[in-house]
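Below: model_5.cif (mmCIF, C-alpha atoms)
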```cif
data_start
loop_
_atom_site.label_atom_id
_atom_site.label_comp_id
_atom_site.auth_asym_id
_atom_site.auth_seq_id
_atom_site.Cartn_x
_atom_site.Cartn_y
_atom_site.Cartn_z
CA MET A 1 0.00 0.00 0.00
CA TYR A 2 2.90 2.38 0.69
CA LYS A 3 4.28 1.63 -2.77
CA MET A 4 0.93 2.67 -4.25
CA LEU A 5 1.69 6.13 -2.85
CA ASN A 6 5.19 6.01 -4.35
CA ILE A 7 6.91 5.47 -0.99
CA CYS A 8 9.89 3.13 -1.34
CA ASP A 9 10.96 0.34 1.01
CA ASP A 10 13.91 2.30 2.39
CA VAL A 11 11.74 5.22 3.48
CA TYR A 12 9.02 2.92 4.83
CA ASN A 13 11.57 1.01 6.93
CA LEU A 14 13.23 4.19 8.17
CA VAL A 15 9.94 5.67 9.38
CA ASN A 16 8.89 2.47 11.12
CA GLU A 17 12.24 1.97 12.83
CA GLU A 18 12.25 5.51 14.21
CA GLU A 19 8.60 5.18 15.26
CA LYS A 20 9.44 2.20 17.49
CA LYS A 21 11.74 4.44 19.57
CA LEU A 22 8.90 6.82 20.46
CA LYS A 23 6.64 4.52 22.50
CA ASP A 24 7.25 6.12 25.91
CA ILE A 25 6.69 9.63 24.54
CA PHE A 26 3.51 8.57 22.78
CA ASP A 27 2.24 6.93 25.98
CA LYS A 28 2.58 10.28 27.80
CA ILE A 29 0.64 12.03 25.04
CA ASP A 30 -2.12 9.41 25.34
CA LYS A 31 -2.39 10.10 29.08
CA ASP A 32 -2.76 13.84 28.49
CA CYS A 33 -5.36 13.11 25.81
CA GLU A 34 -7.36 11.03 28.28
CA TYR A 35 -7.25 13.84 30.86
CA ASN A 36 -8.32 16.47 28.33
CA SER A 37 -11.08 14.20 27.04
CA LEU A 38 -12.45 13.88 30.58
CA ARG A 39 -12.32 17.66 30.86
CA VAL A 40 -14.31 18.17 27.64
CA LEU A 41 -16.86 15.45 28.39
CA SER A 42 -17.43 16.89 31.86
CA ALA A 43 -18.10 20.33 30.39
CA PHE A 44 -20.63 18.90 27.92
CA GLN A 45 -22.44 17.05 30.69
CA ASN A 46 -22.34 19.90 33.21
CA ASN A 47 -23.92 22.22 30.64
CA LYS A 48 -26.53 19.63 29.63
CA ILE A 49 -25.76 19.76 25.93
CA SER A 50 -28.60 18.28 23.87
CA GLU A 51 -29.72 18.10 20.25
CA ALA A 52 -31.64 21.31 20.82
CA HIS A 53 -28.30 23.14 20.93
CA PHE A 54 -27.54 22.08 17.33
CA GLY A 55 -30.20 24.47 16.03
CA SER A 56 -29.55 27.46 13.81
CA THR A 57 -30.38 31.17 13.78
CA THR A 58 -30.28 33.67 10.93
CA GLY A 59 -30.41 37.43 10.61
CA TYR A 60 -29.56 39.07 13.91
CA GLY A 61 -29.20 35.77 15.75
CA TYR A 62 -31.22 36.73 18.82
CA ASN A 63 -31.83 34.07 21.49
CA ASP A 64 -29.52 31.42 20.06
CA ILE A 65 -29.44 28.85 22.85
CA GLY A 66 -26.81 26.75 21.06
CA ARG A 67 -24.40 29.66 20.72
CA ASP A 68 -24.80 30.51 24.41
CA ALA A 69 -24.28 26.87 25.42
CA ILE A 70 -21.13 26.62 23.30
CA GLU A 71 -19.66 29.61 25.11
CA ARG A 72 -20.43 28.10 28.50
CA VAL A 73 -18.76 24.83 27.47
CA PHE A 74 -15.64 26.60 26.16
CA SER A 75 -15.45 28.65 29.34
CA GLU A 76 -15.42 25.51 31.46
CA VAL A 77 -12.90 23.68 29.27
CA LEU A 78 -10.53 26.67 29.16
CA ARG A 79 -11.06 27.57 32.85
CA ALA A 80 -12.38 31.01 31.86
CA GLU A 81 -14.89 33.29 33.55
CA ASP A 82 -16.44 33.85 30.13
CA SER A 83 -15.79 33.24 26.45
CA LEU A 84 -16.78 34.54 23.05
CA VAL A 85 -16.85 31.74 20.45
CA ARG A 86 -18.08 32.95 17.08
CA SER A 87 -18.06 32.08 13.41
CA GLN A 88 -17.96 35.85 12.77
CA PHE A 89 -14.27 35.66 13.64
CA ILE A 90 -12.56 34.98 10.31
CA SER A 91 -9.35 33.69 11.88
CA GLY A 92 -7.23 33.70 15.02
CA SER A 93 -5.56 36.88 13.75
CA HIS A 94 -8.98 38.51 13.39
CA ALA A 95 -9.84 37.56 16.97
CA LEU A 96 -6.54 39.06 18.16
CA ASN A 97 -7.33 42.21 16.19
CA VAL A 98 -10.76 42.47 17.82
CA ALA A 99 -9.27 41.93 21.29
CA LEU A 100 -6.57 44.55 20.85
CA PHE A 101 -8.96 47.21 19.55
CA ALA A 102 -11.38 46.31 22.35
CA PHE A 103 -8.86 46.62 25.19
CA LEU A 104 -6.66 49.52 24.06
CA ARG A 105 -7.39 53.25 23.83
CA PRO A 106 -5.43 56.22 22.39
CA ASN A 107 -2.13 56.81 24.24
CA ASP A 108 -2.23 53.33 25.80
CA ILE A 109 0.93 51.25 25.45
CA MET A 110 0.91 47.68 24.18
CA LEU A 111 4.03 45.66 25.01
CA SER A 112 5.00 42.39 23.35
CA ILE A 113 7.49 40.43 25.46
CA THR A 114 8.04 37.66 22.90
CA GLY A 115 9.55 39.89 20.22
CA THR A 116 7.80 40.72 16.97
CA PRO A 117 4.36 39.10 16.71
CA TYR A 118 3.21 36.89 13.85
CA ASP A 119 3.29 38.44 10.37
CA THR A 120 -0.49 38.91 10.08
CA LEU A 121 -0.48 41.27 13.08
CA HIS A 122 2.13 43.68 11.66
CA GLU A 123 -0.44 45.88 9.93
CA VAL A 124 -2.89 45.50 12.83
CA ILE A 125 -0.32 47.00 15.21
CA GLY A 126 1.28 49.40 12.73
CA ILE A 127 4.71 47.77 12.57
CA LYS A 128 3.93 47.82 8.87
CA GLN A 129 2.11 51.03 7.91
CA ASN A 130 -1.67 50.84 7.64
CA ASP A 131 -4.11 53.71 8.11
CA SER A 132 -6.39 51.45 10.19
CA SER A 133 -3.69 50.15 12.55
CA LEU A 134 -3.54 50.58 16.32
CA MET A 135 -0.76 53.13 15.86
CA SER A 136 -2.95 55.19 13.54
CA PHE A 137 -5.35 55.55 16.48
CA GLY A 138 -2.59 56.82 18.75
CA ILE A 139 -1.95 53.51 20.50
CA LYS A 140 1.74 52.99 21.23
CA TYR A 141 3.66 49.78 20.73
CA GLU A 142 6.88 48.44 22.24
CA GLN A 143 8.51 45.04 22.21
CA ILE A 144 11.12 43.13 24.17
CA GLU A 145 13.03 40.31 22.54
CA LEU A 146 13.50 36.90 24.11
CA ILE A 147 16.99 36.01 25.32
CA ASN A 148 18.09 32.43 24.66
CA ASP A 149 14.44 31.45 24.18
CA ASP A 150 13.42 32.84 27.57
CA PHE A 151 11.96 36.12 28.76
CA ASP A 152 14.20 39.12 29.35
CA TYR A 153 13.14 39.63 32.96
CA GLU A 154 15.42 42.62 33.51
CA LYS A 155 14.00 44.59 30.59
CA ILE A 156 10.43 43.58 31.39
CA GLY A 157 10.86 44.72 35.00
CA ASN A 158 12.52 48.02 34.05
CA THR A 159 9.83 48.80 31.46
CA LEU A 160 6.97 48.10 33.86
CA LYS A 161 8.58 50.29 36.53
CA LYS A 162 9.26 53.23 34.22
CA LYS A 163 5.93 53.52 32.41
CA LYS A 164 2.33 52.44 32.62
CA ILE A 165 1.75 49.52 30.26
CA LYS A 166 -1.90 48.82 29.46
CA LEU A 167 -1.52 45.40 27.83
CA ILE A 168 1.20 42.77 27.58
CA GLU A 169 0.93 40.39 24.65
CA ILE A 170 2.59 36.98 24.74
CA GLN A 171 2.62 34.84 21.62
CA ARG A 172 3.19 31.28 22.74
CA SER A 173 3.73 29.65 19.35
CA LYS A 174 6.84 30.62 17.38
CA GLY A 175 5.15 31.85 14.21
CA TYR A 176 7.61 32.16 11.32
CA SER A 177 10.59 32.57 13.63
CA THR A 178 13.44 30.38 14.86
CA ARG A 179 12.75 30.74 18.57
CA LYS A 180 11.23 28.08 20.80
CA SER A 181 7.56 28.18 21.66
CA ILE A 182 6.60 29.20 25.19
CA THR A 183 5.77 26.35 27.57
CA ILE A 184 3.13 26.70 30.26
CA GLU A 185 5.87 26.59 32.91
CA LYS A 186 7.72 29.57 31.39
CA LEU A 187 4.41 31.37 31.01
CA GLU A 188 3.50 30.85 34.68
CA LYS A 189 6.90 32.10 35.82
CA VAL A 190 6.78 35.34 33.81
CA ILE A 191 3.17 36.06 34.79
CA LYS A 192 4.08 35.78 38.49
CA PHE A 193 7.01 38.13 37.87
CA ILE A 194 4.80 40.68 36.10
CA ARG A 195 2.13 40.58 38.81
CA LYS A 196 4.66 41.46 41.50
CA ILE A 197 5.30 44.74 39.68
CA ASP A 198 1.90 45.53 38.14
CA LYS A 199 -1.21 43.67 39.22
CA ASP A 200 -3.50 45.58 36.83
CA VAL A 201 -1.78 45.22 33.45
CA ILE A 202 -3.80 43.08 31.02
CA ILE A 203 -1.89 39.91 30.13
CA MET A 204 -3.18 38.60 26.80
CA ILE A 205 -1.99 35.28 25.38
CA ASP A 206 -2.00 34.35 21.72
CA ASN A 207 -2.74 30.69 22.36
CA CYS A 208 -2.99 29.52 18.73
CA TYR A 209 -1.62 25.99 18.15
CA CYS A 210 -1.23 25.41 21.92
CA GLU A 211 -4.63 24.22 23.19
CA PHE A 212 -4.60 20.69 24.67
CA VAL A 213 -0.81 20.45 24.34
CA GLY A 214 -0.45 19.42 27.96
CA ILE A 215 -3.22 19.70 30.51
CA LYS A 216 -3.20 23.36 31.63
CA SER A 217 -4.78 26.48 30.19
CA PRO A 218 -2.86 29.80 30.45
CA LEU A 219 -5.83 31.13 32.40
CA GLU A 220 -4.98 28.64 35.15
CA VAL A 221 -1.54 30.22 35.59
CA GLY A 222 -2.67 33.83 35.80
CA ALA A 223 -3.33 35.12 32.27
CA ASP A 224 -6.27 37.51 31.87
CA VAL A 225 -7.38 36.54 28.39
CA ILE A 226 -6.47 33.98 25.72
CA VAL A 227 -7.21 33.99 22.02
CA GLY A 228 -7.22 31.16 19.48
CA SER A 229 -8.62 29.82 16.23
CA LEU A 230 -11.20 27.09 15.63
CA ILE A 231 -9.46 25.89 12.46
CA LYS A 232 -6.54 25.00 14.67
CA ASN A 233 -6.56 22.83 17.79
CA LEU A 234 -9.95 23.41 19.41
CA GLY A 235 -11.95 22.96 16.20
CA GLY A 236 -10.84 19.34 15.95
CA GLY A 237 -10.76 19.54 12.15
CA ILE A 238 -14.56 19.77 12.07
CA ALA A 239 -15.36 23.43 12.80
CA PRO A 240 -15.35 25.11 9.36
CA ASN A 241 -14.23 28.52 10.67
CA GLY A 242 -14.30 30.75 13.74
CA ALA A 243 -12.19 31.66 16.74
CA TYR A 244 -12.51 32.41 20.45
CA ILE A 245 -11.61 34.99 23.07
CA ALA A 246 -11.79 33.67 26.64
CA GLY A 247 -10.87 34.89 30.10
CA ARG A 248 -11.98 37.68 32.41
CA LYS A 249 -15.66 38.45 32.04
CA ASP A 250 -15.18 42.22 31.67
CA LEU A 251 -12.61 41.76 28.91
CA VAL A 252 -14.73 39.25 27.01
CA GLU A 253 -17.64 41.68 27.21
CA LEU A 254 -15.49 44.47 25.75
CA ALA A 255 -14.46 42.14 22.92
CA SER A 256 -18.08 41.29 22.16
CA GLN A 257 -18.94 44.99 21.83
CA ARG A 258 -16.11 45.41 19.33
CA LEU A 259 -16.90 42.26 17.33
CA THR A 260 -20.48 43.34 16.69
CA LEU A 261 -21.37 46.83 17.88
CA PRO A 262 -21.62 48.74 21.17
CA GLY A 263 -24.98 48.18 22.80
CA GLU A 264 -25.62 44.79 21.19
CA GLY A 265 -22.38 42.88 21.79
CA ARG A 266 -22.81 39.15 22.29
CA GLU A 267 -26.61 39.24 21.99
CA VAL A 268 -26.33 39.20 18.18
CA GLY A 269 -24.54 36.97 15.71
CA PRO A 270 -26.39 34.27 13.75
CA THR A 271 -24.92 30.79 13.87
CA LEU A 272 -26.20 29.72 10.44
CA GLY A 273 -26.06 26.01 11.27
CA ILE A 274 -22.52 25.87 12.67
CA ASN A 275 -23.31 24.94 16.30
CA LYS A 276 -23.09 21.17 15.86
CA SER A 277 -19.76 21.45 14.04
CA ILE A 278 -18.23 23.60 16.77
CA LEU A 279 -19.41 21.29 19.53
CA GLN A 280 -18.39 18.13 17.71
CA GLY A 281 -15.03 19.66 16.83
CA LEU A 282 -14.33 20.48 20.47
CA PHE A 283 -15.38 16.96 21.45
CA PHE A 284 -12.80 15.45 19.06
CA ALA A 285 -10.12 18.05 19.76
CA PRO A 286 -8.14 16.22 22.49
CA SER A 287 -7.70 13.18 20.25
CA VAL A 288 -6.91 15.25 17.14
CA VAL A 289 -4.30 17.33 19.00
CA SER A 290 -2.79 14.09 20.28
CA SER A 291 -2.47 12.85 16.69
CA ALA A 292 -0.93 16.15 15.59
CA LEU A 293 1.65 15.95 18.38
CA LYS A 294 2.61 12.39 17.48
CA THR A 295 2.94 13.34 13.82
CA ALA A 296 5.22 16.26 14.70
CA ILE A 297 7.36 14.10 16.97
CA LEU A 298 7.71 11.40 14.33
CA ALA A 299 8.75 14.01 11.76
CA SER A 300 11.30 15.42 14.20
CA LYS A 301 12.79 11.99 14.85
CA VAL A 302 12.96 10.93 11.20
CA LEU A 303 14.30 14.22 9.82
CA GLU A 304 16.93 14.43 12.56
CA LYS A 305 18.00 10.89 11.66
CA LEU A 306 18.43 12.11 8.07
CA GLY A 307 20.77 14.86 9.28
CA TYR A 308 18.49 17.91 9.29
CA ASN A 309 18.25 20.39 12.14
CA VAL A 310 14.85 20.20 13.81
CA GLU A 311 13.13 22.22 16.52
CA PRO A 312 11.89 20.98 18.86
CA LYS A 313 13.83 17.74 19.14
CA TYR A 314 11.64 14.66 19.34
CA ASN A 315 12.23 14.26 23.10
CA GLU A 316 11.83 17.93 24.12
CA GLU A 317 8.82 19.31 25.97
CA ARG A 318 6.33 20.84 23.56
CA ALA A 319 4.19 23.94 23.85
CA ASP A 320 2.40 23.68 20.51
CA ILE A 321 1.80 21.34 17.57
CA VAL A 322 4.30 23.07 15.25
CA GLN A 323 7.42 21.26 14.06
CA ASN A 324 10.30 23.22 12.51
CA ILE A 325 12.55 21.51 9.97
CA ILE A 326 15.51 23.72 9.06
CA PHE A 327 16.66 22.90 5.54
CA ASN A 328 19.07 25.80 4.81
CA ASP A 329 18.10 25.15 1.20
CA GLU A 330 15.18 26.68 -0.69
CA GLU A 331 14.69 23.68 -2.99
CA LYS A 332 14.55 21.19 -0.11
CA LEU A 333 11.94 23.31 1.69
CA ILE A 334 9.82 23.35 -1.46
CA LYS A 335 10.23 19.60 -2.08
CA TYR A 336 9.24 18.70 1.49
CA CYS A 337 6.08 20.84 1.32
CA GLN A 338 5.22 19.33 -2.05
CA GLY A 339 5.59 15.86 -0.53
CA ILE A 340 3.10 16.73 2.22
CA GLN A 341 0.67 17.94 -0.44
CA MET A 342 1.05 14.65 -2.34
CA ALA A 343 -0.15 12.76 0.75
CA SER A 344 -3.19 15.00 1.27
CA PRO A 345 -6.79 13.84 0.75
CA ILE A 346 -7.74 17.06 -1.07
CA ASP A 347 -5.82 18.46 -4.06
CA SER A 348 -3.13 15.80 -3.83
CA PHE A 349 -2.48 16.40 -7.53
CA ALA A 350 -1.66 20.08 -7.00
CA ILE A 351 1.96 21.25 -6.86
CA PRO A 352 2.38 24.03 -4.25
CA THR A 353 4.72 26.84 -5.25
CA PRO A 354 5.84 30.01 -3.42
CA TRP A 355 3.45 32.96 -3.82
CA ASP A 356 2.72 36.44 -2.47
CA MET A 357 0.29 35.52 0.27
CA PRO A 358 -1.81 38.39 1.74
CA GLY A 359 -0.44 39.59 5.10
CA TYR A 360 3.11 38.29 4.63
CA ASP A 361 6.28 40.14 3.64
CA ASP A 362 8.01 37.20 1.93
CA LYS A 363 6.72 34.73 -0.59
CA VAL A 364 5.24 31.71 1.20
CA ILE A 365 4.94 28.09 0.13
CA MET A 366 1.96 26.36 1.68
CA ALA A 367 0.97 22.72 1.43
CA ALA A 368 -2.54 22.25 2.77
CA GLY A 369 -4.70 19.64 1.10
CA THR A 370 -7.38 20.24 3.69
CA PHE A 371 -11.15 19.86 3.90
CA THR A 372 -11.33 23.40 5.34
CA GLN A 373 -9.27 26.11 3.64
CA GLY A 374 -6.29 27.07 5.79
CA SER A 375 -7.08 24.54 8.51
CA SER A 376 -3.79 24.08 10.34
CA ILE A 377 -5.04 21.25 12.54
CA GLU A 378 -5.38 19.19 9.39
CA LEU A 379 -1.91 18.28 8.18
CA SER A 380 -0.24 21.26 6.58
CA CYS A 381 3.30 22.45 5.98
CA ASP A 382 4.40 25.92 5.01
CA GLY A 383 7.21 28.41 5.28
CA PRO A 384 8.43 31.78 4.05
CA ILE A 385 10.97 31.75 1.25
CA ARG A 386 13.78 33.26 3.28
CA SER A 387 16.93 31.94 4.91
CA PRO A 388 17.33 29.56 6.75
CA TYR A 389 14.43 28.01 4.76
CA ILE A 390 12.37 26.44 7.52
CA ALA A 391 9.36 24.19 7.00
CA TYR A 392 6.69 24.74 9.65
CA MET A 393 4.68 21.55 9.81
CA GLN A 394 1.57 21.14 11.94
CA GLY A 395 -1.55 19.05 12.29
CA GLY A 396 -2.77 15.58 11.46
CA LEU A 397 -6.41 14.59 11.98
CA THR A 398 -5.19 11.07 12.72
CA TYR A 399 -1.70 9.88 13.47
CA GLU A 400 -1.90 7.26 10.75
CA TYR A 401 -2.52 9.86 8.04
CA GLY A 402 0.23 12.00 9.54
CA LYS A 403 2.71 9.12 9.45
CA ILE A 404 1.93 8.44 5.78
CA ALA A 405 2.42 12.12 4.93
CA VAL A 406 5.79 12.30 6.70
CA ALA A 407 6.94 9.25 4.74
CA ARG A 408 5.75 10.78 1.45
CA ALA A 409 7.54 14.07 2.17
CA VAL A 410 10.76 12.21 3.06
CA GLU A 411 10.43 10.31 -0.21
CA GLU A 412 10.48 13.62 -2.11
CA LEU A 413 13.61 14.69 -0.22
CA THR A 414 15.45 11.45 -0.89
CA LYS A 415 14.50 11.62 -4.57
CA GLN A 416 16.17 14.99 -4.73
#
```
Please express what this file holds, its structure, as C-alpha cells.
Amino acid sequence: MYKMLNICDDVYNLVNEEEKKLKDIFDKIDKDCEYNSLRVLSAFQNNKISEAHFGSTTGYGYNDIGRDAIERVFSEVLRAEDSLVRSQFISGSHALNVALFAFLRPNDIMLSITGTPYDTLHEVIGIKQNDSSLMSFGIKYEQIELINDDFDYEKIGNTLKKKKIKLIEIQRSKGYSTRKSITIEKLEKVIKFIRKIDKDVIIMIDNCYCEFVGIKSPLEVGADVIVGSLIKNLGGGIAPNGAYIAGRKDLVELASQRLTLPGEGREVGPTLGINKSILQGLFFAPSVVSSALKTAILASKVLEKLGYNVEPKYNEERADIVQNIIFNDEEKLIKYCQGIQMASPIDSFAIPTPWDMPGYDDKVIMAAGTFTQGSSIELSCDGPIRSPYIAYMQGGLTYEYGKIAVARAVEELTKQ
C-alpha cells in the first residue's frame, strides 16, 4: 500500500524503525489526551448539551441557545470566567485584532514580550504602515526580545517600573521565527514576575496551536485573556471557521462589543447552522491534537535521523503542535512541502509553489490539502521563502494519516 503512494521500502523502513523508539513519549501524550477528554466530556455534561443546541439562527441571531451553550462549554474547558466563540471571527488573527482594539485606547501602550508578533499582526499593530492600525489611532507599541528562548526579565521589570503599560501580549507559538515556543511553565513564571510589579496590566496570550498540548490552560496560571482559532486545535478539524476569546468576564464583554457593535455585543450573531460542528469539533479536539503531536514528533525523529536540524527535538517538551525543519536550502523546503501535499486527501495532484500571500512580507509556500481552507489542525506544511528556509509543519487529523504524509515528504527529499 505504501508503494501505491510512491513510498519506497527504504523510506518505509526508516519511518517504522524511528517510530518504534517513540513509545514512551507517545504513551505520555495518550495520558494527556485522556485527561483532556475527561475535561471536555465533563463540560458537555455539566452544561446539559442536547440536540436542541444544534439548532440554527439567521439574521440578527437573537436568542440562540446553542451559541450561548457553546460559550459556556468553552469557558469551562478553558477555565475562563467567560468566552466569546463565534463564526464571525474569520481567523485567530482577526480575533486578536478584535481583542486589541477592544482593550486599548489612544495613548495606551501595548508591550510584546516575545519579540515581533506573527506576520499577520504587523499591519494590525502598525509595525507595517496601515491607516487602520492601532498606531494610527494613537496607541503605542513596544517590544522586548526573548533572550536564549526565555523572557528578558530585567528589561520587562525596568519597562513596567518606568511607564504604565496597558496590555502585555505573549505569543506562545513561534510563528515564522526560529525561537522556541513558550511552555506553560515559562508562562507561569513570567506572569508571576509581572504581577509582583503591576497587578493591573492586562496579560493577553495568543494561544494559537497550543490548546490541549499538555493539561493546563494559560488562564490557570494567571493570564487575563487567551485567544485562538477554531481551524486550529480546538476545532478538531470539524469546525469550518471561527475563533474564540476567553478569560476575564469584563474583557470578554469588551471584545463582544467590538466584534459586533456597542450596545448589542454578544446578543447578536447568527450561527447559520454551525453549532453542531463547533461542539463536535471540540469533542474530538483532544484526540486530534494528540495525533498532531505524534505526527510532529515522528517528523522530528525521522528528519533528525536524516541529518536535518529540527526544533523541537523529538524528546523535548512541547508547547504547541508546530514542528520546525531547518533545511538551509530553498529547494529542499519546497520539495518537502510538495511531498506533504502529495499525501493529502484534497488536491493531492496540486503542486504548491511560493506565492505572495496576503499579510506576509516574503513569498510563502503552503501545502494544505485540507477539507477546510487554511485549517492548520489538518496536516499542513508551510514556510516563508527566506533563509534559513524552515518548513513549519503542523496538524494531522489522525496519526496514521500523519505518518503516511511524513513518509511521502521524506520520499520527495530522498528523490532529490
- Task: Expand the PyMOL selection byres ((chain A and resi 159) around 12) into the individual residues it matches in the shown file, reporting them as a PyMOL selection string.
- Result: chain A and resi 109-113+142-144+152-158+160-166+168+194+197-198
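Here CA of Leu22 (chain A) is placed at a distance of 8.6 Å from CA of Asn315 (chain A).
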What's around region 94-105 of chain A at 9 Å? Count all atoms listed in the file, leave out sequence neighbours fewer than 6 positions away in its own chain, and write the answer as a CSV table (one decimal) with C-alpha atoms, keeping the file's coordinate frame.
```csv
chain,number,residue,atom,x,y,z
A,121,LEU,CA,-0.5,41.3,13.1
A,124,VAL,CA,-2.9,45.5,12.8
A,125,ILE,CA,-0.3,47.0,15.2
A,134,LEU,CA,-3.5,50.6,16.3
A,137,PHE,CA,-5.4,55.6,16.5
A,138,GLY,CA,-2.6,56.8,18.8
A,139,ILE,CA,-2.0,53.5,20.5
A,166,LYS,CA,-1.9,48.8,29.5
A,167,LEU,CA,-1.5,45.4,27.8
A,202,ILE,CA,-3.8,43.1,31.0
A,204,MET,CA,-3.2,38.6,26.8
A,206,ASP,CA,-2.0,34.4,21.7
A,227,VAL,CA,-7.2,34.0,22.0
A,228,GLY,CA,-7.2,31.2,19.5
A,229,SER,CA,-8.6,29.8,16.2
A,242,GLY,CA,-14.3,30.8,13.7
A,243,ALA,CA,-12.2,31.7,16.7
A,244,TYR,CA,-12.5,32.4,20.4
A,245,ILE,CA,-11.6,35.0,23.1
A,251,LEU,CA,-12.6,41.8,28.9
A,252,VAL,CA,-14.7,39.2,27.0
A,254,LEU,CA,-15.5,44.5,25.8
A,255,ALA,CA,-14.5,42.1,22.9
A,256,SER,CA,-18.1,41.3,22.2
A,257,GLN,CA,-18.9,45.0,21.8
A,258,ARG,CA,-16.1,45.4,19.3
A,259,LEU,CA,-16.9,42.3,17.3
```
- Message: Nearest residue to Tyr336 (chain A) out of A:Lys174, A:Arg248, A:Lys216, A:Lys415, using all atoms listed in the file?
- Response: A:Lys415
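Using the PyMOL selection byres ((chain A and resi 219) around 10) on the file at hand returns these residues: Leu78, Arg79, Ala80, Glu81, Glu188, Ile203, Met204, Ile205, Lys216, Ser217, Pro218, Glu220, Val221, Gly222, Ala223, Asp224, Val225, Ile226, Ala246, Gly247 and Arg248 of chain A.
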Selection export as a compact mmCIF listing (two decimals), keeping the file's coordinate frame, atoms kept: C-alpha atoms:
```
# COMPACT_ATOMS: atom_id res chain seq x y z
CA LEU A 78 -10.53 26.67 29.16
CA ARG A 79 -11.06 27.57 32.85
CA ALA A 80 -12.38 31.01 31.86
CA GLU A 81 -14.89 33.29 33.55
CA GLU A 188 3.50 30.85 34.68
CA ILE A 203 -1.89 39.91 30.13
CA MET A 204 -3.18 38.60 26.80
CA ILE A 205 -1.99 35.28 25.38
CA LYS A 216 -3.20 23.36 31.63
CA SER A 217 -4.78 26.48 30.19
CA PRO A 218 -2.86 29.80 30.45
CA GLU A 220 -4.98 28.64 35.15
CA VAL A 221 -1.54 30.22 35.59
CA GLY A 222 -2.67 33.83 35.80
CA ALA A 223 -3.33 35.12 32.27
CA ASP A 224 -6.27 37.51 31.87
CA VAL A 225 -7.38 36.54 28.39
CA ILE A 226 -6.47 33.98 25.72
CA ALA A 246 -11.79 33.67 26.64
CA GLY A 247 -10.87 34.89 30.10
CA ARG A 248 -11.98 37.68 32.41
```
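If you look at CA of Gly263 (chain A) and CA of Gly61 (chain A), they are 14.9 Å away from each other.
Minimum atom-to-atom distances from A:Ile25, A:Met1, A:Ile65, A:Ile325 to Val268 (chain A) were compared using all atoms listed in the file, and the lowest value belongs to A:Ile65.
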Please enclose the listed atoms of region 198-213 of chain A in an axis-aligned box, pad each side by 3 Å, and write out the centre and the three edge lengths in Å, rounded to one decimal, as JSON.
```
{"center_x": -1.4, "center_y": 33.0, "center_z": 28.7, "size_x": 12.5, "size_y": 31.1, "size_z": 27.1}
```
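Around Arg72 (chain A), within 10 Å and counting all atoms listed in the file, the residues found are Ala43, Phe44, Asn46, Asn47, Gly66, Arg67, Val77, Ala80, Glu81, Asp82, Ser83, Leu84 and Val85 of chain A, once anything fewer than 5 positions away on its own chain is removed.
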- Message: Would you pick out the contacts of Ser290 (chain A) at 8 Å or less, using all atoms listed in the file, so that residues sharing its chain but fewer than 3 positions from it are not included, and give the list as JSON, numbers by chain?
- Response: {"A": [29, 30, 33, 213, 286, 287, 293, 294]}
Write a file of the selected residues as a compact mmCIF listing (two decimals), in the coordinates of the input, keeping C-alpha atoms.
```txt
# COMPACT_ATOMS: atom_id res chain seq x y z
CA ILE A 29 0.64 12.03 25.04
CA ASP A 30 -2.12 9.41 25.34
CA CYS A 33 -5.36 13.11 25.81
CA VAL A 213 -0.81 20.45 24.34
CA PRO A 286 -8.14 16.22 22.49
CA SER A 287 -7.70 13.18 20.25
CA LEU A 293 1.65 15.95 18.38
CA LYS A 294 2.61 12.39 17.48
```
- Message: Running the PyMOL selection byres ((chain A and resi 278) around 8) on this model by hand, what would come out? Give it as number ranges by chain.
- Response: A: 70, 230, 235, 238-239, 274-277, 279-282
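From CA of Gly269 (chain A) back to CA of Phe89 (chain A), the distance works out to 10.6 Å.
Minimum atom-to-atom distances from A:Lys20, A:Lys232, A:Lys180, A:Lys335 to Val410 (chain A) were compared using all atoms listed in the file, and the lowest value belongs to A:Lys335.
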- Item | Distance query Pro354 (chain A) at most 9 Å, all atoms listed in the file, self and fewer than 4 positions along chain excluded, as a ChimeraX atom specification | /A:334,363-366,383-385
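Candidate residues A:Ile127, A:Ala367, A:Leu303, A:Leu38 were compared for distance to Pro352 (chain A), and the nearest is A:Ala367, using all atoms listed in the file.
The closest residue to Asp64 (chain A), picked from A:Asp320, A:Tyr399, A:Asn207, A:Glu267 and counting only C-alpha atoms, is A:Glu267.
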- Message: Using all atoms listed in the file, list the residues that have an atom at most 12 Å from (10.0, 11.4, 12.5), coordinates as in the file, as JSON, numbers by chain.
- Response: {"A": [11, 12, 13, 14, 15, 16, 17, 18, 19, 20, 21, 22, 293, 294, 295, 296, 297, 298, 299, 300, 301, 302, 303, 304, 305, 306, 307, 308, 310, 311, 312, 313, 314, 315, 323, 324, 325, 393, 399, 402, 403, 404, 405, 406, 407, 408, 409, 410]}
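In terms of minimum interatomic distance to Ile147 (chain A), A:Thr114 ranks closest within A:Thr114, A:Leu261, A:Pro240, A:Gln129, counting all atoms listed in the file.
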- Compile the contact shell of Pro117 (chain A) as a list of chain:residue names: residues with an atom at most 9 Å away, counting all atoms listed in the file, same-chain residues fewer than 6 positions apart removed. A:Glu169, A:Ile170, A:Gln171, A:Lys174, A:Gly175
